[in-house]
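Novice: Handing you this structure, nothing more for now.
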Amino acid sequence: MQMSAEEKIIQWFQRNNWDAFPFQKQTWQAYNKGFHGLINAPTGSGKTYAIGLALLIEYLSNSAKKEHKNGLQALWITPIKALAKEIEYSLNRACNELEIPWQVARRTGDTSSSERTKQKKNLPQILITTPESLQLLLASKDYPKMFQNLKCVINDEWHELIGTKRAVQMELAQSRLLAIQPKLKIWGISATIGNMEQSMEVLFGNSIPKDKIKLIKSKIKKKINIITLMPEVIEKYPWGGHLGIQLLEKVIPVINASRSTLIFTNTRAQAEIWYQRILEEEASLAGQIAMHHGSISREIRDWVEDALHAEKLKAVVCTSSLDLGVDFRPVETIIQIGSPKGIARYIQRAGRSGHQPGAESTIYFVPTHSLEIIESSALRQAIKENKIEDRTPFFRSFDVLIQYLVTLAVSEGFHEKEIFEEVKSTFSFESISRAEWEWILKFIIQGGESLQEYNEYKKVEQSEDGLLQVNDRGIAMKHRLSIGTIVSEPAIRVCYISGKFIGTVEEYFISRLNPGDIFWFSGRNLEFIQMKGVEALVRLSKKKTGKVPSWQGGRMPLSSQLSDMLRIKVQESIGNRSKEVELKEIFPLIEKQKESSIVPNQNQFLIEYFKSREGYHAFFYPFEGRFVHEGLASVFGYRLSLIKPMSFSIALNDYGFELLCDQEIPLEEAIDNNIFTADHLQEDIKASVNSTEMAKRKFRDIASISGLVFHGYPGKSKKQKHLQASSQLFFDVFNDYEKDNLLLLQAFEEVMEFQLEEGRMIKALERIEMQEIVIKKLEKPSPFCFPIMVDRLREKMSFEKLEDRIRKMKIKLE
């Protein structure tokens, strides 16, 4: 009796001493019955082989019947390039050992132009690519032929894509591919997220029948062992950042005791600092430790990944560049520097160790200030209770739609009625009206109301038969160079005098350097020599001190779920009754807080108030993360000013915020006037927050994605100030003369949804309204308000001056 395709796969598993999990078998069967689906399983549980082998089972079944067709069979979409390499290795191994004559290849931004040309002439059966590279394929002539035999699109790490505009790119691309190949199957791979049902709606849109969709959940539970590294003495007046480095002497033994360790930091600047300090502390690690982040050259990152696989490295200091799916089996231990700000991110990073089914993951938490010790306890409890964050999808992102339509116009061209129906089949644009569609068509054909006098914005032409197409080769080339939704600061290439490329830093950092200045980058001490075009020429330096490049947008806000758990843990810390080691250790700080003020319980909302030489200070503690606090602080300040005209300075962190005024603040009267109401919130936000200025910053990205501004040709990128001026000019013109401009309205909506997090603000205010408001009038700052004051001082002085000032303040307080 002939062996079935699935039996051949199971036999291959047995030869490799593996067991096929039930969720893998369910995937194979669902896929080969024609279902679309989403696989939900923890990191390191075999998700790649769940869907990857389903493709091979289909081939083995069809090849026996001589029904197999050549050409591109599957598109595997990955959010990061490092993950593409690992998927390619795994699938090639399976094809080779199962004697399947398929080619598996990668196509990302790092693929050479010659390799891309070869791929177009002879596409592999499985192409692993990114959302941006898929859009570039859609911008190619004859793309329908390219995809005529396509059977499946796989969206890997869907939980990471969904909260970005890259998911919108995939929604639109899939709507086109489904039109080319109606039997196409759409699949996703995801770790757990809070809004799983909504994530499926985004993935499948409304053109796929719900009875043809399967959610396949793994029952594998990932064991995560969390160990918090504690300081010898708990600071009763904590301030952010420095405690982590003080714990370096406890981090070194963890590195030495492990075969291989990943040390995660939240920012690239933090990675540079920790790499240097580890080497200073433990010189024996030289040659055994490396660094990995997104600004380091691809060549160096590839070397680091290969060295990890080959067990040549004992430690790698990294950022989110190694968050996802990269299977480094030698990695035993993970170290997290500072709060990860989110539960899902913490689980993802923990899963880099023990990255195989059934293995336990070990993660060490290194707090960067005393209050973060409570966050470690909150993270452990949240993981135990499986509280995972929602990912808010982008909705009606007209900048992405405009880019997509020009992409179709650059290649084969399109007929608007046909594409309108496809676009409406997506989650993001199911509510788009015919009037909005007509506005977008007018925008790409004539430049819209405001720009129709300028030929450079008349990108698309309409033929007599209604075909919309780009006929100008210059416009087509500029568009292909601009495809993508990740908008970063203009990057300066850092190169040795010899010309060897090291990586990129942002323009604003390099502009502040003088020749001879030393800075740390890519684990090296570099001396800046001069700018040559868009390259910063450097040479190695033996000097031990230097500046650290800082990258914009490094601060992440505390997630809603982690905020909820943190409030619970703060209450549990009262009275030293908890058995958790973190809450026992933090007890001296909690006792000091109780001496100075109170530690609020779940039914209380604390406001601390005192006067100093600076003025009158009011501290509020929602524990909702810095983005929500930014909005609440502005709204509260505005509502207070309605009672009595006054101006405020604002400082904030993830736990609370400060309003500082030169005159007495009428808090009791404000509470009587219902300052915490969620009523009229949007009007008060618009009145209190400089939403126009915030929208201008958002509009810079929207202008870039929609093609209003061009970043320049390779090696000749435009300067940041020129791009900013161009996007600001468009914003001002639209704001003054075209108030209903869809891109302008989108900028304001993104400010409310993603920067000020209006939805979370409403929930926070509704919770506060139900709580007892406790105003504590203090003689001096409490441990809770001290780090917020430090954040305000941080904006005004250098680190050295700040450290001296804080030391004096603490001596005085203690």
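Numbering starts fresh at 1 for the residues of each chain in the structure tokens, the chains themselves are lettered A, B, ... in the order given, and ligands are numbered from 1 as they appear.
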Residues near Phe395 of chain A, anyone? I mean within 12 Å using only C-alpha atoms, not counting same-chain ones fewer than 5 positions away, as a ChimeraX atom specification.

Specialist: /A:162-169,171,202,400-401,426-432,746,749-750,753-754

Novice: Which residues, written as a ChimeraX atom specification, have at least one atom at most 10 Å from Tyr457 of chain A, with only C-alpha atoms counted and residues fewer than 3 positions away on the same chain left out?

Specialist: /A:443-448,451-454,460,475,707-708

Novice: Between A:Glu311, A:Glu235, A:Glu506, A:Glu332, single out the one closest to Ile289 of chain A, counting only C-alpha atoms.

Specialist: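 The answer is A:Glu311, which sits nearest to Ile289 of chain A.
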
Novice: In terms of the shortest atom-to-atom distance over only C-alpha atoms, which of A:His159, A:Lys120, A:Arg298, A:Arg396 is closest to Tyr143 of chain A?

Specialist: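 Checking each of A:His159, A:Lys120, A:Arg298, A:Arg396 against Tyr143 of chain A, counting only C-alpha atoms, the winner is A:Lys120.
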
Novice: So, counting only C-alpha atoms, which residue among A:Ser45, A:Gln336, A:Thr692, A:Gln135 is closest to Ala173 of chain A?

Specialist: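 Between A:Ser45, A:Gln336, A:Thr692, A:Gln135, the residue approaching Ala173 of chain A most closely is A:Gln135.
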
Novice: With only C-alpha atoms as the counted atoms, please give the residues lying no more than 12 Å from Gln403 of chain A, apart from itself and same-chain residues fewer than 4 positions off, as a PyMOL selection string.

Specialist: chain A and resi 132+135-136+138-139+165+168-169+172-173+397-399+407-410+440-441+443-444+459-460+476+478-485+702-708

Novice: Give me the residues within 8 Å of Ser320 of chain A as a PyMOL selection string, counting only C-alpha atoms and dropping any in the same chain fewer than 3 places off.

Specialist: chain A and resi 264-266+293+323-324

Novice: Which is closest to Leu537 of chain A among A:Pro557, A:Pro600, A:Gly712, A:Gly499, if we use only C-alpha atoms?

Specialist: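 Of A:Pro557, A:Pro600, A:Gly712, A:Gly499, the one nearest Leu537 of chain A, counting only C-alpha atoms, is A:Gly499.
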
Novice: Can you write out as JSON lines which residues of segment 244-356 of chain A fall within 10 Å of segment 185-196 of chain A, alongside each residue's closest atom pair and its distance in Å to one decimal, counting only C-alpha atoms and ordering rows by chain and ascending residue number?

Specialist:
```
{"residue": "A:Ile343", "atom": "CA", "partner": "A:Ile193", "partner_atom": "CA", "distance": 10.0}
{"residue": "A:Ala344", "atom": "CA", "partner": "A:Ile193", "partner_atom": "CA", "distance": 7.4}
{"residue": "A:Ile347", "atom": "CA", "partner": "A:Ala191", "partner_atom": "CA", "distance": 9.5}
{"residue": "A:Gln348", "atom": "CA", "partner": "A:Ala191", "partner_atom": "CA", "distance": 8.3}
```

Novice: Keeping N, CA, C and O atoms for every residue in the selection just given, could you write it to a file as an mmCIF file, in the first residue's frame?

Specialist:
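To be explicit, this is the file written out as selection-v9.cif:
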```
data_model
loop_
_atom_site.group_PDB
_atom_site.id
_atom_site.type_symbol
_atom_site.label_atom_id
_atom_site.label_comp_id
_atom_site.auth_asym_id
_atom_site.auth_seq_id
_atom_site.Cartn_x
_atom_site.Cartn_y
_atom_site.Cartn_z
ATOM 1 N N ILE A 343 3.753 42.987 27.807
ATOM 2 C CA ILE A 343 3.811 41.569 28.183
ATOM 3 C C ILE A 343 4.186 40.715 26.973
ATOM 4 O O ILE A 343 5.037 39.834 27.068
ATOM 5 N N ALA A 344 3.542 40.972 25.833
ATOM 6 C CA ALA A 344 3.820 40.179 24.632
ATOM 7 C C ALA A 344 5.285 40.295 24.224
ATOM 8 O O ALA A 344 5.928 39.314 23.847
ATOM 9 N N ILE A 347 7.387 38.121 26.561
ATOM 10 C CA ILE A 347 7.249 36.692 26.236
ATOM 11 C C ILE A 347 8.035 36.366 24.973
ATOM 12 O O ILE A 347 8.722 35.344 24.884
ATOM 13 N N GLN A 348 7.935 37.249 23.980
ATOM 14 C CA GLN A 348 8.633 37.038 22.712
ATOM 15 C C GLN A 348 10.143 36.954 22.942
ATOM 16 O O GLN A 348 10.821 36.076 22.413
#
```

Novice: Write out as a tab-separated table a residue-level contact list of segment 200-298 of chain A versus segment 566-582 of chain A with cut-off 10 Å: for each qualifying residue the closest pair of atoms and the distance in Å to one decimal, counting only C-alpha atoms, rows sorted by chain and residue number upward.

Specialist:
```
residue	atom	partner	partner_atom	distance
A:Ile227	CA	A:Glu582	CA	9.6
A:Thr228	CA	A:Glu582	CA	7.3
A:Leu229	CA	A:Glu582	CA	9.4
A:Met230	CA	A:Glu582	CA	8.1
```

Novice: Restrict the selected residues to C-alpha atoms and save them as a tab-separated table (two decimals), in the first residue's frame.

Specialist:
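Output contents, as saved in selection_33.tsv:
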```tsv
chain	number	residue	atom	x	y	z
A	227	ILE	CA	14.60	35.91	37.65
A	228	THR	CA	14.93	39.53	38.81
A	229	LEU	CA	18.45	40.74	39.54
A	230	MET	CA	18.19	42.80	42.71
```

Novice: Please extract the residues of segment 152-258 of chain A with a backbone DSSP assignment of strand (DSSP E) and present them as JSON, numbers by chain.

Specialist: {"A": [152, 153, 154, 155, 185, 186, 187, 188, 189, 190, 213, 214, 215, 216, 217, 224, 225, 226, 227, 228]}

Novice: Grab the atom CA of Trp18 of chain A to atom CA of Ile220 of chain A distance for me, in Å with one decimal place.

Specialist: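 About the pair atom CA of Trp18 of chain A and atom CA of Ile220 of chain A: they are 15.0 Å apart.
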
Novice: Check the DSSP output for the backbone and give back, as an mmCIF file with N, CA, C and O atoms, in the first residue's frame, the residues of segment 431-594 of chain A in helix (DSSP H, G or I).

Specialist:
```
data_model
loop_
_atom_site.group_PDB
_atom_site.id
_atom_site.type_symbol
_atom_site.label_atom_id
_atom_site.label_comp_id
_atom_site.auth_asym_id
_atom_site.auth_seq_id
_atom_site.Cartn_x
_atom_site.Cartn_y
_atom_site.Cartn_z
ATOM 1 N N ARG A 434 -17.664 56.144 -2.107
ATOM 2 C CA ARG A 434 -17.359 56.460 -3.498
ATOM 3 C C ARG A 434 -16.761 57.869 -3.603
ATOM 4 O O ARG A 434 -15.841 58.101 -4.393
ATOM 5 N N ALA A 435 -17.234 58.796 -2.766
ATOM 6 C CA ALA A 435 -16.704 60.171 -2.793
ATOM 7 C C ALA A 435 -15.229 60.187 -2.374
ATOM 8 O O ALA A 435 -14.410 60.908 -2.968
ATOM 9 N N GLU A 436 -14.892 59.409 -1.346
ATOM 10 C CA GLU A 436 -13.488 59.328 -0.915
ATOM 11 C C GLU A 436 -12.630 58.705 -2.001
ATOM 12 O O GLU A 436 -11.492 59.138 -2.236
ATOM 13 N N TRP A 437 -13.155 57.676 -2.658
ATOM 14 C CA TRP A 437 -12.424 57.029 -3.751
ATOM 15 C C TRP A 437 -12.173 58.021 -4.892
ATOM 16 O O TRP A 437 -11.068 58.082 -5.434
ATOM 17 N N GLU A 438 -13.205 58.785 -5.227
ATOM 18 C CA GLU A 438 -13.039 59.793 -6.288
ATOM 19 C C GLU A 438 -11.994 60.828 -5.888
ATOM 20 O O GLU A 438 -11.212 61.295 -6.721
ATOM 21 N N TRP A 439 -11.951 61.203 -4.597
ATOM 22 C CA TRP A 439 -10.951 62.164 -4.126
ATOM 23 C C TRP A 439 -9.546 61.599 -4.330
ATOM 24 O O TRP A 439 -8.640 62.312 -4.790
ATOM 25 N N ILE A 440 -9.351 60.316 -4.007
ATOM 26 C CA ILE A 440 -8.033 59.682 -4.142
ATOM 27 C C ILE A 440 -7.620 59.604 -5.610
ATOM 28 O O ILE A 440 -6.459 59.879 -5.960
ATOM 29 N N LEU A 441 -8.563 59.238 -6.484
ATOM 30 C CA LEU A 441 -8.246 59.192 -7.919
ATOM 31 C C LEU A 441 -7.845 60.572 -8.429
ATOM 32 O O LEU A 441 -6.878 60.711 -9.184
ATOM 33 N N LYS A 442 -8.579 61.583 -7.991
ATOM 34 C CA LYS A 442 -8.253 62.958 -8.395
ATOM 35 C C LYS A 442 -6.871 63.348 -7.881
ATOM 36 O O LYS A 442 -6.106 64.051 -8.561
ATOM 37 N N PHE A 443 -6.532 62.874 -6.680
ATOM 38 C CA PHE A 443 -5.233 63.198 -6.073
ATOM 39 C C PHE A 443 -4.083 62.626 -6.902
ATOM 40 O O PHE A 443 -3.078 63.301 -7.135
ATOM 41 N N ILE A 444 -4.210 61.357 -7.351
ATOM 42 C CA ILE A 444 -3.090 60.749 -8.083
ATOM 43 C C ILE A 444 -3.058 61.184 -9.557
ATOM 44 O O ILE A 444 -2.012 61.130 -10.205
ATOM 45 N N ILE A 445 -4.223 61.638 -10.074
ATOM 46 C CA ILE A 445 -4.268 62.057 -11.476
ATOM 47 C C ILE A 445 -3.950 63.547 -11.629
ATOM 48 O O ILE A 445 -3.160 63.948 -12.488
ATOM 49 N N GLN A 446 -4.533 64.381 -10.754
ATOM 50 C CA GLN A 446 -4.397 65.833 -10.906
ATOM 51 C C GLN A 446 -3.629 66.500 -9.768
ATOM 52 O O GLN A 446 -3.347 67.695 -9.837
ATOM 53 N N GLY A 448 -5.021 66.629 -6.771
ATOM 54 C CA GLY A 448 -6.057 67.095 -5.857
ATOM 55 C C GLY A 448 -6.369 68.573 -6.044
ATOM 56 O O GLY A 448 -5.878 69.235 -6.973
ATOM 57 N N GLU A 449 -7.183 69.097 -5.154
ATOM 58 C CA GLU A 449 -7.621 70.495 -5.243
ATOM 59 C C GLU A 449 -6.459 71.475 -5.181
ATOM 60 O O GLU A 449 -6.372 72.427 -5.943
ATOM 61 N N SER A 450 -5.535 71.234 -4.244
ATOM 62 C CA SER A 450 -4.503 72.233 -3.939
ATOM 63 C C SER A 450 -3.295 72.172 -4.859
ATOM 64 O O SER A 450 -2.562 73.147 -4.980
ATOM 65 N N LEU A 451 -3.045 71.034 -5.499
ATOM 66 C CA LEU A 451 -1.781 70.864 -6.232
ATOM 67 C C LEU A 451 -1.974 70.685 -7.733
ATOM 68 O O LEU A 451 -1.031 70.310 -8.431
ATOM 69 N N ASN A 455 2.700 70.123 -12.294
ATOM 70 C CA ASN A 455 2.756 68.907 -13.110
ATOM 71 C C ASN A 455 3.372 67.708 -12.386
ATOM 72 O O ASN A 455 3.011 66.576 -12.660
ATOM 73 N N GLU A 456 4.309 67.965 -11.468
ATOM 74 C CA GLU A 456 4.995 66.838 -10.817
ATOM 75 C C GLU A 456 4.070 65.991 -9.953
ATOM 76 O O GLU A 456 4.399 64.860 -9.592
ATOM 77 N N TYR A 457 2.872 66.542 -9.594
ATOM 78 C CA TYR A 457 1.920 65.778 -8.782
ATOM 79 C C TYR A 457 0.838 65.128 -9.633
ATOM 80 O O TYR A 457 -0.046 64.455 -9.109
ATOM 81 N N ARG A 473 8.711 57.839 -17.053
ATOM 82 C CA ARG A 473 9.714 56.928 -16.475
ATOM 83 C C ARG A 473 10.328 57.503 -15.210
ATOM 84 O O ARG A 473 10.660 56.770 -14.280
ATOM 85 N N GLY A 474 10.494 58.814 -15.155
ATOM 86 C CA GLY A 474 11.059 59.456 -13.961
ATOM 87 C C GLY A 474 10.155 59.288 -12.755
ATOM 88 O O GLY A 474 10.615 58.981 -11.645
ATOM 89 N N ILE A 475 8.859 59.488 -12.963
ATOM 90 C CA ILE A 475 7.894 59.309 -11.875
ATOM 91 C C ILE A 475 7.897 57.853 -11.412
ATOM 92 O O ILE A 475 7.866 57.564 -10.212
ATOM 93 N N ALA A 476 7.949 56.923 -12.380
ATOM 94 C CA ALA A 476 7.947 55.488 -12.043
ATOM 95 C C ALA A 476 9.174 55.119 -11.214
ATOM 96 O O ALA A 476 9.071 54.380 -10.224
ATOM 97 N N MET A 477 10.348 55.636 -11.603
ATOM 98 C CA MET A 477 11.572 55.312 -10.864
ATOM 99 C C MET A 477 11.520 55.874 -9.454
ATOM 100 O O MET A 477 11.851 55.178 -8.478
ATOM 101 N N LYS A 478 11.084 57.136 -9.308
ATOM 102 C CA LYS A 478 10.968 57.739 -7.976
ATOM 103 C C LYS A 478 10.017 56.947 -7.097
ATOM 104 O O LYS A 478 10.268 56.738 -5.914
ATOM 105 N N HIS A 479 8.912 56.488 -7.689
ATOM 106 C CA HIS A 479 7.930 55.744 -6.902
ATOM 107 C C HIS A 479 8.518 54.422 -6.418
ATOM 108 O O HIS A 479 8.355 54.061 -5.249
ATOM 109 N N ARG A 480 9.188 53.698 -7.299
ATOM 110 C CA ARG A 480 9.768 52.408 -6.890
ATOM 111 C C ARG A 480 10.774 52.596 -5.755
ATOM 112 O O ARG A 480 10.878 51.763 -4.862
ATOM 113 N N LEU A 481 11.520 53.689 -5.797
ATOM 114 C CA LEU A 481 12.504 53.966 -4.744
ATOM 115 C C LEU A 481 11.840 54.343 -3.424
ATOM 116 O O LEU A 481 12.463 54.274 -2.364
ATOM 117 N N SER A 482 10.569 54.740 -3.477
ATOM 118 C CA SER A 482 9.882 55.241 -2.277
ATOM 119 C C SER A 482 8.897 54.238 -1.676
ATOM 120 O O SER A 482 8.244 54.548 -0.685
ATOM 121 N N GLU A 507 20.953 61.723 10.880
ATOM 122 C CA GLU A 507 21.606 62.953 10.446
ATOM 123 C C GLU A 507 21.778 63.948 11.595
ATOM 124 O O GLU A 507 22.818 64.594 11.728
ATOM 125 N N TYR A 508 20.737 64.048 12.443
ATOM 126 C CA TYR A 508 20.795 65.079 13.484
ATOM 127 C C TYR A 508 21.928 64.804 14.477
ATOM 128 O O TYR A 508 22.507 65.728 15.039
ATOM 129 N N PHE A 509 22.297 63.521 14.696
ATOM 130 C CA PHE A 509 23.387 63.196 15.621
ATOM 131 C C PHE A 509 24.732 63.608 15.019
ATOM 132 O O PHE A 509 25.545 64.269 15.683
ATOM 133 N N ILE A 510 24.960 63.220 13.786
ATOM 134 C CA ILE A 510 26.227 63.550 13.128
ATOM 135 C C ILE A 510 26.405 65.065 13.016
ATOM 136 O O ILE A 510 27.512 65.595 13.154
ATOM 137 N N SER A 560 -1.424 48.818 28.146
ATOM 138 C CA SER A 560 -2.624 48.873 28.980
ATOM 139 C C SER A 560 -2.683 47.691 29.946
ATOM 140 O O SER A 560 -2.979 47.847 31.129
ATOM 141 N N GLN A 561 -2.397 46.483 29.437
ATOM 142 C CA GLN A 561 -2.480 45.281 30.280
ATOM 143 C C GLN A 561 -1.424 45.299 31.375
ATOM 144 O O GLN A 561 -1.694 44.903 32.519
ATOM 145 N N LEU A 562 -0.208 45.752 31.042
ATOM 146 C CA LEU A 562 0.839 45.818 32.050
ATOM 147 C C LEU A 562 0.512 46.912 33.076
ATOM 148 O O LEU A 562 0.796 46.761 34.273
ATOM 149 N N SER A 563 -0.109 48.006 32.628
ATOM 150 C CA SER A 563 -0.544 49.067 33.549
ATOM 151 C C SER A 563 -1.537 48.516 34.567
ATOM 152 O O SER A 563 -1.439 48.787 35.769
ATOM 153 N N ASP A 564 -2.525 47.747 34.087
ATOM 154 C CA ASP A 564 -3.527 47.156 34.988
ATOM 155 C C ASP A 564 -2.858 46.294 36.052
ATOM 156 O O ASP A 564 -3.173 46.391 37.242
ATOM 157 N N MET A 565 -1.937 45.443 35.601
ATOM 158 C CA MET A 565 -1.279 44.534 36.542
ATOM 159 C C MET A 565 -0.363 45.289 37.496
ATOM 160 O O MET A 565 -0.240 44.924 38.673
ATOM 161 N N LEU A 566 0.251 46.363 37.027
ATOM 162 C CA LEU A 566 1.138 47.156 37.872
ATOM 163 C C LEU A 566 0.361 47.790 39.022
ATOM 164 O O LEU A 566 0.823 47.798 40.178
ATOM 165 N N ARG A 567 -0.839 48.297 38.736
ATOM 166 C CA ARG A 567 -1.659 48.890 39.803
ATOM 167 C C ARG A 567 -2.007 47.852 40.877
ATOM 168 O O ARG A 567 -2.016 48.148 42.067
ATOM 169 N N ILE A 568 -2.278 46.629 40.431
ATOM 170 C CA ILE A 568 -2.584 45.548 41.384
ATOM 171 C C ILE A 568 -1.366 45.262 42.257
ATOM 172 O O ILE A 568 -1.469 45.103 43.483
ATOM 173 N N LYS A 569 -0.191 45.208 41.634
ATOM 174 C CA LYS A 569 1.035 44.871 42.370
ATOM 175 C C LYS A 569 1.437 45.988 43.340
ATOM 176 O O LYS A 569 2.009 45.723 44.399
ATOM 177 N N VAL A 570 1.177 47.233 42.976
ATOM 178 C CA VAL A 570 1.457 48.343 43.896
ATOM 179 C C VAL A 570 0.634 48.163 45.171
ATOM 180 O O VAL A 570 1.126 48.341 46.284
ATOM 181 N N GLN A 571 -0.633 47.777 45.006
ATOM 182 C CA GLN A 571 -1.480 47.556 46.176
ATOM 183 C C GLN A 571 -0.978 46.367 46.996
ATOM 184 O O GLN A 571 -0.949 46.404 48.222
ATOM 185 N N GLU A 572 -0.557 45.289 46.310
ATOM 186 C CA GLU A 572 -0.074 44.098 47.016
ATOM 187 C C GLU A 572 1.195 44.382 47.813
ATOM 188 O O GLU A 572 1.501 43.681 48.779
ATOM 189 N N ILE A 574 1.764 46.830 49.726
ATOM 190 C CA ILE A 574 1.479 47.492 50.999
ATOM 191 C C ILE A 574 1.500 46.456 52.126
ATOM 192 O O ILE A 574 0.872 45.411 52.027
ATOM 193 N N GLY A 575 2.219 46.742 53.188
ATOM 194 C CA GLY A 575 2.202 45.877 54.369
ATOM 195 C C GLY A 575 3.186 44.720 54.342
ATOM 196 O O GLY A 575 3.270 43.952 55.294
ATOM 197 N N ASN A 576 3.914 44.559 53.221
ATOM 198 C CA ASN A 576 4.940 43.519 53.125
ATOM 199 C C ASN A 576 4.368 42.118 53.392
ATOM 200 O O ASN A 576 4.991 41.271 54.016
ATOM 201 N N VAL A 581 9.371 37.697 45.809
ATOM 202 C CA VAL A 581 10.668 38.252 46.182
ATOM 203 C C VAL A 581 10.777 39.725 45.793
ATOM 204 O O VAL A 581 11.330 40.541 46.540
ATOM 205 N N GLU A 582 10.226 40.095 44.614
ATOM 206 C CA GLU A 582 10.329 41.482 44.159
ATOM 207 C C GLU A 582 9.594 42.432 45.106
ATOM 208 O O GLU A 582 10.104 43.501 45.454
ATOM 209 N N LEU A 583 8.395 42.039 45.522
ATOM 210 C CA LEU A 583 7.601 42.917 46.393
ATOM 211 C C LEU A 583 8.208 43.001 47.786
ATOM 212 O O LEU A 583 8.076 44.029 48.469
ATOM 213 N N LYS A 584 8.869 41.929 48.233
ATOM 214 C CA LYS A 584 9.569 41.987 49.530
ATOM 215 C C LYS A 584 10.766 42.933 49.447
ATOM 216 O O LYS A 584 11.031 43.708 50.365
ATOM 217 N N GLU A 585 11.480 42.876 48.331
ATOM 218 C CA GLU A 585 12.671 43.710 48.164
ATOM 219 C C GLU A 585 12.316 45.200 48.075
ATOM 220 O O GLU A 585 13.059 46.052 48.537
ATOM 221 N N PHE A 587 10.028 46.731 49.555
ATOM 222 C CA PHE A 587 9.320 47.188 50.758
ATOM 223 C C PHE A 587 9.904 48.472 51.369
ATOM 224 O O PHE A 587 9.146 49.356 51.774
ATOM 225 N N PRO A 588 11.242 48.661 51.443
ATOM 226 C CA PRO A 588 11.769 49.910 52.012
ATOM 227 C C PRO A 588 11.282 51.154 51.270
ATOM 228 O O PRO A 588 10.978 52.179 51.890
ATOM 229 N N LEU A 589 11.184 51.056 49.933
ATOM 230 C CA LEU A 589 10.684 52.199 49.161
ATOM 231 C C LEU A 589 9.201 52.433 49.457
ATOM 232 O O LEU A 589 8.765 53.582 49.623
ATOM 233 N N ILE A 590 8.438 51.349 49.538
ATOM 234 C CA ILE A 590 6.999 51.463 49.821
ATOM 235 C C ILE A 590 6.778 52.073 51.198
ATOM 236 O O ILE A 590 5.905 52.932 51.395
ATOM 237 N N GLU A 591 7.596 51.654 52.181
ATOM 238 C CA GLU A 591 7.473 52.215 53.527
ATOM 239 C C GLU A 591 7.792 53.708 53.526
ATOM 240 O O GLU A 591 7.128 54.500 54.197
ATOM 241 N N LYS A 592 8.809 54.095 52.759
ATOM 242 C CA LYS A 592 9.169 55.514 52.665
ATOM 243 C C LYS A 592 8.029 56.300 52.013
ATOM 244 O O LYS A 592 7.718 57.427 52.424
ATOM 245 N N GLN A 593 7.401 55.705 50.981
ATOM 246 C CA GLN A 593 6.263 56.349 50.332
ATOM 247 C C GLN A 593 5.113 56.534 51.338
ATOM 248 O O GLN A 593 4.467 57.583 51.368
ATOM 249 N N LYS A 594 4.869 55.520 52.160
ATOM 250 C CA LYS A 594 3.792 55.615 53.166
ATOM 251 C C LYS A 594 4.100 56.682 54.219
ATOM 252 O O LYS A 594 3.212 57.375 54.698
#
```

Novice: In Å, how far is it from atom CA of Leu558 of chain A to atom CA of Met752 of chain A?

Specialist: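 We find that atom CA of Leu558 of chain A and atom CA of Met752 of chain A lie 17.1 Å from each other.
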
Novice: Grab the atom CA of Arg767 of chain A to atom CA of Asp684 of chain A distance for me, in Å with one decimal place.

Specialist: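 Atom-to-atom, atom CA of Arg767 of chain A to atom CA of Asp684 of chain A, that is 18.5 Å.
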
Novice: So which one's closest to Lys217 of chain A, A:Pro367, A:Pro79, A:Gly205, A:Pro22? Using only C-alpha atoms, please.

Specialist: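 Nearest to Lys217 of chain A: A:Pro22.
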
Novice: With only C-alpha atoms as the basis for distance, which of A:Asn17, A:Ser321, A:Thr368, A:Asn122 is at the shortest distance from Gly244 of chain A?

Specialist: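 Between A:Asn17, A:Ser321, A:Thr368, A:Asn122, the residue approaching Gly244 of chain A most closely is A:Thr368.
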
Novice: Pick out the residues sitting within 6 Å of Phe620 of chain A, and hand them over as an NGL selection string; count only C-alpha atoms, and ignore anything fewer than 5 positions along from it in its own chain.

Specialist: :A and (607 or 656-657)

Novice: So that I can check the surroundings of Ala307 of chain A, please list as JSON, numbers by chain every protein, DNA and RNA residue that reaches within 12 Å of it, counting only C-alpha atoms and ignoring chain neighbours fewer than 3 positions away.

Specialist: {"A": [260, 287, 288, 289, 290, 291, 292, 300, 301, 302, 303, 304, 310, 311, 312, 313, 314, 315, 316, 328, 330, 331]}
